[in-house]
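Asker: Below you will find the structure I want to go over with you.
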Amino acid sequence: MRASATAAIVLRQLYLLRGSPTRLLPMVAWVAIDIVLWGFITRYLGALAGPRVNLVASILGAVLLWDFLGRVMQGVTTAFFEDVWSRNFLNIFATPLTIADYLGGLVLTGVGTSLMGLIVMLTLATSVFGLSFFAYGAAIAPFLMVLFVTGISLGVLGAAIVLRLGPASEWLIWPIPSLLSPFAGVFYPLAVLPGWMQAIGRALPPSYVFESMRAIVKGHAAPAGSMAFAVGLSLIYLLLACWVFARVYRFAIRTGLIARYSAETAN
Amino acid sequence: MQPVLAVTGLCKTFGATRAVDDVSFEVKPGEIVGLVGPNGAGKTTTISMVMGVLAPTAGDVSIDGCDIGRRRSQALAQTNFAAAYAPLPGNLTVEQNLRVFGMIYGVRDLTARIDELVGEYDLAPFRKTKTGVLSSGEQTRVTLAKAMLNRPKLLLLDEPTASIDPATARRIRRHIVDVAEKAGAGVLWTSHNMYEVAEVCDRVLFLSRGRILLSGDPAQLVAEHRASSLEDLFVTVANEALNPEAAAAS
C-alpha cells in the first residue's frame, strides 16, 4: 500500500466535506435525532420500570453502538459512491492505484466520518440522558472494535455489490444495517428469537457485543471467550469482504464493466 | 531502443463479438501514433486495454518494459491518459483534482508541478473553480493537465481535442508534439479529425472491425493509395472494410 495514494483518496473526501455542508450534516444529524428519540423513549420506559432497571445502558447504549456500526459502514460506502456519482472509475482505476490503496483510503475515510458521528452521539447521550461508556468497563474497547470492523466489512461488501450490479443498486446498500438488526439482537437477547434467526444471529459478530453488553448491565462480567470469538469472526469477515471486492474488481476489469460503468450496463 | 508501448496479439471478445482481433503494434519514445477507424472499430477497446481497465482475452500489453497483466502498478505509473468521455470529478476544483491525482501518481514537488501545468494550460483563472462548472473546452484542458502530471513515458489520448475550439486545439496539438519531442514521451492518439492526425502523427494505424488494416506514415499512405487526403483514404478504407461488396461494385 502506498501512503500517498491512500492519502489521496482520503484527501478527496476531505475536500468534498469541506466544500459541502450538505455532506457534513447527515453525518451528525441522523445520529443525533436517533439519540434524542431513543433517549426520551428510554427515559419514559425507565419511569415505568423503576430505578432498579438500567435502561439507559441497555437500550440507549445499544442504539448508540448500533448507530456507530451503521456510520462506519456508510462512511466507507459513501466514499465509494462519490466515485460512482462523479463517474470517476476510469480516472481512478487507470492509475497505479492498487485495490489495497483504494480500500485503505475508503476505510480511513470511514474511520474519520464515523468518529465524528460517535463523538456527537456520545456527547448527547452522556450530557442529556446520562449514558456513560464507563458502565461497560474495559469491554467497551472490544465492543467498539467488533462493531467498527464489522461496519468496515459491510461497507466494503456494499461497495463490491454496487461495483458488480451498477449504480442503481446503491439502494440495496443503505438498508443493510436495518436488515441485520433483528438478527443481531440489538435490543433483546438472541434467546427470544426462533431457532433459524438465532443461527443467523450467532454468525453476526455484533450479536456477541449486545449479549455481552446486557450481561454487564445485569452485573455479570463480560464473557471474554465470546468477545474474543466475535473479534476473530469480524476479522475473518473483513478479509472475506476485501476478497469479494477484489474478485468483483477483477470481474469488472475482465468484462469491461469499469470502462463502461457510467453507462449502467452492469450485467 | 525499447518501445514505450508494445502491444502483441491483442484480442478482446465480448460474447460472440471480436471487438479487437490480433492487434500488434509498438510506440517508440518520442513517437506519436494515431489510432483511427470508424465508430465501433475497436479504438477505445484497444486504449482501455492499454490503460489497464479492460483485460484482454489474449495477447500482451507492455508499457516501458512492464507487462500490464503482471506488474500493473509499475506499468500504469509510466502512463497517463485524457479522454473526452472521462472528465475529472466536477465537484472538486481544478487544483484539488490535480492534487488528488498527483498524489495517486506519486508526483514529487507536486505543488510546483501543479503551478507549472496550470500555467501551461491557461488554467490560472480557474484554479479555485469547481471543474464541473467549466466549459467543455476548459474541462478538456484540465484533463490534459492531469494527463501530464506524472510526466508520462506513454500518453494515451482518446479524442483529446473533440470539444475544443480550433485555436485552442492547435495550441494543444503543438504542446503535445513538444511533449513527445522534448520529453521523449510516446503518444497513442485516437481522433476522427484526419487533418489533426495528418498534422501531428508520425505513424497512423487504421483499425476496422478490430483489425489493423493499414499502418504507416500518413503522407506516405496517402501517396501509396493515391488518395487526395488522409480523410479521403480513411473514408475509402472504412467503406471497403464495412461494405466490401458495395465497395467492389463501385
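Identifiers in this document derive from the order of the C-alpha cells: chains are assigned A, B, ..., residues are numbered from 1 separately in each chain, and ligands are numbered from 1 in order of occurrence.
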For region 167-177 of chain B, find every residue with an atom within 10 Å (counting only C-alpha atoms), except residues of its own chain fewer than 6 positions away, and show them as a compact mmCIF listing (two decimals) with N, CA and C atoms, in the first residue's frame.
Answerer:
# COMPACT_ATOMS: atom_id res chain seq x y z
N GLY B 30 9.07 9.28 -28.02
CA GLY B 30 9.05 10.46 -28.90
C GLY B 30 8.17 10.31 -30.13
N GLU B 31 7.55 9.15 -30.28
CA GLU B 31 6.73 8.91 -31.47
C GLU B 31 5.25 9.17 -31.15
N ILE B 32 4.54 9.76 -32.11
CA ILE B 32 3.10 9.96 -31.96
C ILE B 32 2.41 9.04 -32.96
N GLU B 120 0.80 26.26 -18.09
CA GLU B 120 0.89 25.74 -19.45
C GLU B 120 -0.46 25.59 -20.12
N TYR B 121 -1.47 25.25 -19.34
CA TYR B 121 -2.80 25.02 -19.92
C TYR B 121 -3.77 26.17 -19.66
N GLY B 137 -14.43 22.77 -23.22
CA GLY B 137 -13.06 23.00 -23.66
C GLY B 137 -12.12 23.19 -22.48
N GLU B 138 -12.60 23.96 -21.49
CA GLU B 138 -11.76 24.18 -20.29
C GLU B 138 -11.57 22.86 -19.53
N ARG B 141 -8.92 20.88 -21.07
CA ARG B 141 -7.57 21.35 -20.70
C ARG B 141 -7.18 20.84 -19.31
N LEU B 144 -6.21 17.28 -19.70
CA LEU B 144 -4.87 17.18 -20.30
C LEU B 144 -3.79 17.51 -19.27
N MET B 148 -0.64 15.08 -17.83
CA MET B 148 0.78 15.42 -17.88
C MET B 148 1.43 15.40 -16.49
N LEU B 155 1.68 8.49 -23.30
CA LEU B 155 0.49 9.32 -23.14
C LEU B 155 -0.61 8.76 -24.04
N LEU B 157 -4.27 9.34 -25.55
CA LEU B 157 -5.21 10.43 -25.79
C LEU B 157 -6.35 9.92 -26.66
N PRO B 160 -8.68 13.83 -27.79
CA PRO B 160 -8.43 14.86 -26.78
C PRO B 160 -8.91 16.25 -27.17
N THR B 161 -9.05 16.52 -28.45
CA THR B 161 -9.44 17.88 -28.86
C THR B 161 -10.87 17.90 -29.38
N ALA B 183 10.30 15.77 -24.25
CA ALA B 183 10.34 14.84 -23.11
C ALA B 183 10.51 13.40 -23.57
N GLY B 184 10.38 13.16 -24.86
CA GLY B 184 10.56 11.80 -25.38
C GLY B 184 9.42 10.86 -25.05
N ALA B 185 8.23 11.45 -24.77
CA ALA B 185 7.09 10.59 -24.47
C ALA B 185 6.51 10.00 -25.75
N GLY B 186 6.10 8.75 -25.67
CA GLY B 186 5.37 8.15 -26.78
C GLY B 186 3.90 8.50 -26.61
N VAL B 187 3.22 8.72 -27.72
CA VAL B 187 1.81 9.13 -27.63
C VAL B 187 0.97 8.22 -28.53
N GLU B 196 -6.00 16.65 -38.19
CA GLU B 196 -5.22 16.66 -36.95
C GLU B 196 -4.24 15.48 -36.94
N VAL B 197 -4.74 14.31 -37.32
CA VAL B 197 -3.88 13.11 -37.33
C VAL B 197 -2.73 13.31 -38.31
N GLU B 199 -1.45 16.04 -39.24
CA GLU B 199 -0.54 17.10 -38.77
C GLU B 199 0.42 16.62 -37.69
N VAL B 200 -0.09 15.81 -36.75
CA VAL B 200 0.74 15.51 -35.59
C VAL B 200 1.35 14.10 -35.56
N CYS B 201 0.73 13.15 -36.27
CA CYS B 201 1.16 11.76 -36.07
C CYS B 201 2.33 11.37 -36.97
Asker: Pull out every residue of chain A sitting within 7 Å of chain B, counting only C-alpha atoms, and send them as an MDAnalysis selection string.
Answerer: chainID A and resid 4:5 8 11:12 86 88 90:91 93:98 253:256 258:259
Asker: Which residues are near Gly46 (chain A)? Cut-off 8 Å, only C-alpha atoms, ignore same chain within fewer than 6 positions. Put them as an mmCIF file with N, CA and C atoms, in the first residue's frame.
Answerer:
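This went into result-v4.cif:
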data_model
loop_
_atom_site.group_PDB
_atom_site.id
_atom_site.type_symbol
_atom_site.label_atom_id
_atom_site.label_comp_id
_atom_site.auth_asym_id
_atom_site.auth_seq_id
_atom_site.Cartn_x
_atom_site.Cartn_y
_atom_site.Cartn_z
ATOM 1 N N VAL A 53 -33.924 -0.959 37.126
ATOM 2 C CA VAL A 53 -33.560 -1.421 35.778
ATOM 3 C C VAL A 53 -32.805 -0.302 35.054
ATOM 4 N N ASN A 54 -31.591 -0.608 34.597
ATOM 5 C CA ASN A 54 -30.770 0.403 33.908
ATOM 6 C C ASN A 54 -31.037 0.359 32.398
ATOM 7 N N LEU A 55 -32.106 1.023 31.989
ATOM 8 C CA LEU A 55 -32.466 1.005 30.569
ATOM 9 C C LEU A 55 -31.556 1.893 29.729
ATOM 10 N N VAL A 56 -30.991 2.914 30.374
ATOM 11 C CA VAL A 56 -30.102 3.811 29.619
ATOM 12 C C VAL A 56 -28.925 3.028 29.057
#
Asker: Between B:Thr111, B:Gln220, B:Ser135, B:Ser191, which is the closest to Arg203 (chain B) once you count only C-alpha atoms?
Answerer: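 Of the candidates, the smallest distance to Arg203 (chain B) is held by B:Gln220.
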Asker: If you run DSSP on the backbone here, which positions in region 92-200 of chain B get strand (DSSP E or B)? Please write them as number ranges by chain.
Answerer: B: 93, 130, 154-158, 186-190
Asker: Fewer than 2 positions away in the same chain doesn't count, so skip those; otherwise give me all residues within 7 Å of region 206-209 of chain B, counting only C-alpha atoms, as a PDB file with C-alpha atoms, in the first residue's frame.
Answerer:
ATOM      1  CA  ALA B  19     -14.017  -6.264 -30.662  1.00  0.00           C
ATOM      2  CA  LEU B  35      -5.194   5.106 -33.971  1.00  0.00           C
ATOM      3  CA  VAL B  36      -8.039   5.818 -36.362  1.00  0.00           C
ATOM      4  CA  GLY B  37     -11.059   3.987 -37.618  1.00  0.00           C
ATOM      5  CA  PRO B  38     -14.836   4.179 -37.904  1.00  0.00           C
ATOM      6  CA  ALA B  41     -13.694  -0.240 -34.911  1.00  0.00           C
ATOM      7  CA  GLY B  42     -12.134  -1.143 -31.563  1.00  0.00           C
ATOM      8  CA  VAL B 204      -1.092   6.010 -38.246  1.00  0.00           C
ATOM      9  CA  ARG B 211      -8.129  -5.420 -37.014  1.00  0.00           C
ATOM     10  CA  ILE B 212      -5.370  -3.139 -38.253  1.00  0.00           C
ATOM     11  CA  LEU B 213      -5.954  -2.733 -41.983  1.00  0.00           C
ATOM     12  CA  LEU B 214      -3.217  -0.229 -42.776  1.00  0.00           C
ATOM     13  CA  SER B 215      -0.321   1.324 -40.973  1.00  0.00           C
ATOM     14  CA  ALA B 238     -13.670   2.406 -43.910  1.00  0.00           C
ATOM     15  CA  ALA B 241     -13.921  -2.638 -44.634  1.00  0.00           C
TER      16      ALA B 241
END
Asker: I'd like to know which residues of region 137-212 of chain A are helix (DSSP H, G or I) (by DSSP, run on the backbone); could you write them as JSON, numbers by chain?
Answerer: {"A": [137, 138, 139, 140, 141, 142, 143, 144, 145, 146, 147, 148, 149, 150, 151, 152, 153, 154, 155, 156, 157, 158, 159, 160, 161, 162, 163, 164, 165, 167, 168, 169, 170, 171, 172, 173, 176, 177, 178, 179, 180, 181, 182, 183, 184, 190, 191, 192, 195, 196, 197, 198, 199, 200, 201, 202, 205, 206, 207, 208, 209, 210, 211, 212]}
Asker: Quick check, in Å to one decimal: how far apart do CA of Gly155 (chain A) and CA of Thr78 (chain A) lie?
Answerer: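 So the two atoms, CA of Gly155 (chain A) and CA of Thr78 (chain A), lie 8.7 Å apart.
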